[in-house]
Amino acid sequence: MSESAAAFQIELTVNGHRRAIEVAVHHTLLDVLRDDLGLTGAKECCLVGECGACTVILDGRTVDSCLVLAVEADGSEITTVEGLADERGLGPLQQAFLDKGAVQCGFCIPGQLLSAHALLADNPHPSLPEIQEGLAGNLCRCGCYRQITDAVLATAERAER
């Protein structure tokens, strides 16, 4: 970090791991996740909060990490797409995205997965309109909206069993 840039020491819990890191005052949470922590699942795309490619879960709510200054996240708990899998492999929602053909180019998928994960945590049995509303902030350039909603519905159905 250049000596002319103001820097702050922050602490984050990212995917269950406590991290202390020095950040420039103007760096976004997206910058820190990708560049400083090497978590490249969140994608840099529009940088104005329109596309959802950089979606993460911050203290239990989905946010566009391109709009959050890293210093604002000090003390927060963050889940990135990398935190959805565990040592056994993909989580059920991730597997459903693969099974239902929801993954095309993959650019939007991390954000879609995190929005869907948050939706299912709040509402384990959403209707199709609720899923569509829950994922409305995430754009898919490949047009896989039907496959994505099918994957969320399939995950919810599996959870009922």
# chains A, B, ... in the order shown; residues from 1 in each chain; ligands from 1
$ select_by_dssp --residues "region 74-114 of chain A" --states "helix (DSSP H, G or I)" --output "NGL selection string"
:A and (81-83 or 92-99 or 109-114)
$ residues_around --residues "Asp150 (chain A)" --least-positions-apart "2" --cutoff "9 Å" --atoms "only C-alpha atoms" --output "number ranges by chain"
A: 96-97, 100, 102, 128, 145-148, 152-155
$ closest_residue --among "A:Ile10, A:Ala116, A:Cys54, A:Val48" --to "Gly75 (chain A)" --atoms "only C-alpha atoms"
A:Ile10
$ residues_around --residues "Leu58 (chain A)" --least-positions-apart "6" --cutoff "10 Å" --atoms "only C-alpha atoms" --output "JSON, numbers by chain"
{"A": [13, 14, 64, 65, 68, 73, 76, 77, 78, 79, 80]}
$ residues_around --residues "region 19-34 of chain A" --least-positions-apart "2" --cutoff "10 Å" --atoms "only C-alpha atoms" --output "PyMOL selection string"
chain A and resi 1-2+4-14+16-17+36-44+47+54-56+64-75+78+80
$ atom_distance --atom1 "CA of Pro129 (chain A)" --atom2 "CA of Asp99 (chain A)"
21.6 Å
$ closest_residue --among "A:Arg158, A:Cys144, A:Thr62, A:Gly49" --to "Leu93 (chain A)" --atoms "only C-alpha atoms"
A:Arg158
$ select_by_dssp --residues "region 26-107 of chain A" --states "strand (DSSP E or B)" --output "CSV table (one decimal) with N, CA and C atoms, in the first residue's frame"
chain,number,residue,atom,x,y,z
A,28,THR,N,-13.1,-1.0,-1.8
A,28,THR,CA,-14.4,-1.6,-1.6
A,28,THR,C,-14.2,-3.0,-1.0
A,55,THR,N,-22.3,-10.0,-5.4
A,55,THR,CA,-23.1,-10.2,-4.2
A,55,THR,C,-22.4,-11.1,-3.2
A,56,VAL,N,-22.4,-10.6,-2.0
A,56,VAL,CA,-22.0,-11.4,-0.8
A,56,VAL,C,-23.0,-11.3,0.3
A,57,ILE,N,-22.9,-12.1,1.3
A,57,ILE,CA,-23.8,-12.0,2.5
A,57,ILE,C,-23.0,-11.3,3.5
A,58,LEU,N,-23.4,-10.1,4.0
A,58,LEU,CA,-22.7,-9.3,5.0
A,58,LEU,C,-23.7,-9.2,6.2
A,61,ARG,N,-27.3,-10.3,5.4
A,61,ARG,CA,-28.1,-9.7,4.3
A,61,ARG,C,-27.2,-9.7,3.1
A,62,THR,N,-27.8,-9.8,2.0
A,62,THR,CA,-27.1,-9.8,0.7
A,62,THR,C,-26.8,-8.3,0.4
A,63,VAL,N,-25.6,-8.1,-0.1
A,63,VAL,CA,-25.2,-6.7,-0.5
A,63,VAL,C,-24.3,-6.8,-1.8
A,64,ASP,N,-24.3,-5.8,-2.5
A,64,ASP,CA,-23.4,-5.7,-3.6
A,64,ASP,C,-22.0,-5.2,-3.1
A,69,LEU,N,-17.7,0.1,1.2
A,69,LEU,CA,-16.3,0.4,1.5
A,69,LEU,C,-15.8,-0.7,2.5
A,77,GLU,N,-19.4,-10.2,9.6
A,77,GLU,CA,-19.3,-11.6,9.1
A,77,GLU,C,-19.7,-11.6,7.7
A,78,ILE,N,-18.9,-12.2,6.8
A,78,ILE,CA,-19.1,-12.2,5.4
A,78,ILE,C,-19.1,-13.6,4.9
A,79,THR,N,-20.1,-13.9,4.0
A,79,THR,CA,-20.1,-15.2,3.3
A,79,THR,C,-19.9,-14.9,1.9
A,86,ASP,N,-18.2,-27.1,1.4
A,86,ASP,CA,-17.4,-27.5,2.6
A,86,ASP,C,-16.4,-28.6,2.2
A,89,GLY,N,-17.5,-31.1,-0.3
A,89,GLY,CA,-17.8,-30.8,-1.7
A,89,GLY,C,-18.9,-29.7,-1.8
$ closest_residue --among "A:Gly137, A:Gly52, A:Gly111, A:Pro124" --to "Leu84 (chain A)" --atoms "only C-alpha atoms"
A:Gly111
$ atom_distance --atom1 "CA of Asp59 (chain A)" --atom2 "CA of Gly143 (chain A)"
29.8 Å
$ closest_residue --among "A:Val81, A:Leu120, A:Ala151, A:Ala159" --to "Gly101 (chain A)" --atoms "only C-alpha atoms"
A:Ala151
$ atom_distance --atom1 "CA of Gly91 (chain A)" --atom2 "CA of Pro110 (chain A)"
12.8 Å
